[in-house]
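*Asks:* To start, I am sharing the structure in question, which I have written as structure tokens.
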Amino acid sequence: MRKYNKKSNISGSIIQEARIAKNMSREELSNKLQLMGINVERTFIYKVESENKILKDFELIAICKILEIDYKKLENELESL
């Protein structure tokens with residue numbers, strides 16, 4: 001598995017922060033993703049948030065849509081590397 005600075009993704013902390021700000025559980029987020037046709041479990045969300053899971057582009061876009069994460073925030077995270 002490819003990693004950068006021992007991380008599989010750089011969006012996990014942003015996702016976790018947005019999910020908590022919306023008072024949403026990992027289970028609720030996974031349920032919303034399943035309603036969009038993306039079948040994931042809450043353990044998937046945990047692994048993403050702990051930066052131990054690689055996200056597919058459609059998964060990241062769907063999560064950003066559900067949590068109303070601005071793509072600029074992800075871009076800023078990338079620029080800070």
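Residues in the structure tokens are numbered from 1 in each chain, the chains being A, B, ... in the order shown, and ligands are numbered from 1 in the order shown.
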DSSP on the backbone: what in chain A comes out alpha helix (DSSP H), as a ChimeraX atom specification?
*Replies:* /A:12-21,26-35,42-49,57-67,71-79
*Asks:* From the list A:Lys65, A:Lys72, A:Arg26, A:Lys6, which residue is nearest Val40 in chain A when using only C-alpha atoms?
*Replies:*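 The answer is A:Arg26, which sits nearest to Val40 in chain A.
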*Asks:* Report as a list in words all protein, DNA and RNA residues lying within 10 Å of range 41-50 of chain A, evaluated on only C-alpha atoms, omitting residues in the same chain fewer than 4 positions from it.
*Replies:*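 In the requested form, the answer reads Lys7, Ser8, Asn9, Ile10, Ser11, Gly12, Ser13, Ile14, Ile15, Gln16, Glu17, Arg19, Ser25, Arg26, Glu27, Glu28, Leu29, Ser30, Asn31, Leu33, Gln34, Ile54, Leu55, Leu60 and Ile63 of chain A.
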*Asks:* So, counting only C-alpha atoms, which residue among A:Ala18, A:Lys32, A:Ile38, A:Ser80 is closest to Glu59 in chain A?
*Replies:*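 Nearest to Glu59 in chain A: A:Ile38.
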*Asks:* For the atom pair CA of Glu77 in chain A and CA of Asn23 in chain A, what is the interatomic distance in Å to one decimal place?
*Replies:* 22.7 Å
*Asks:* Between CA of Gly37 in chain A and CA of Glu75 in chain A, measure the distance and give it in Å to one decimal.
*Replies:* 26.0 Å
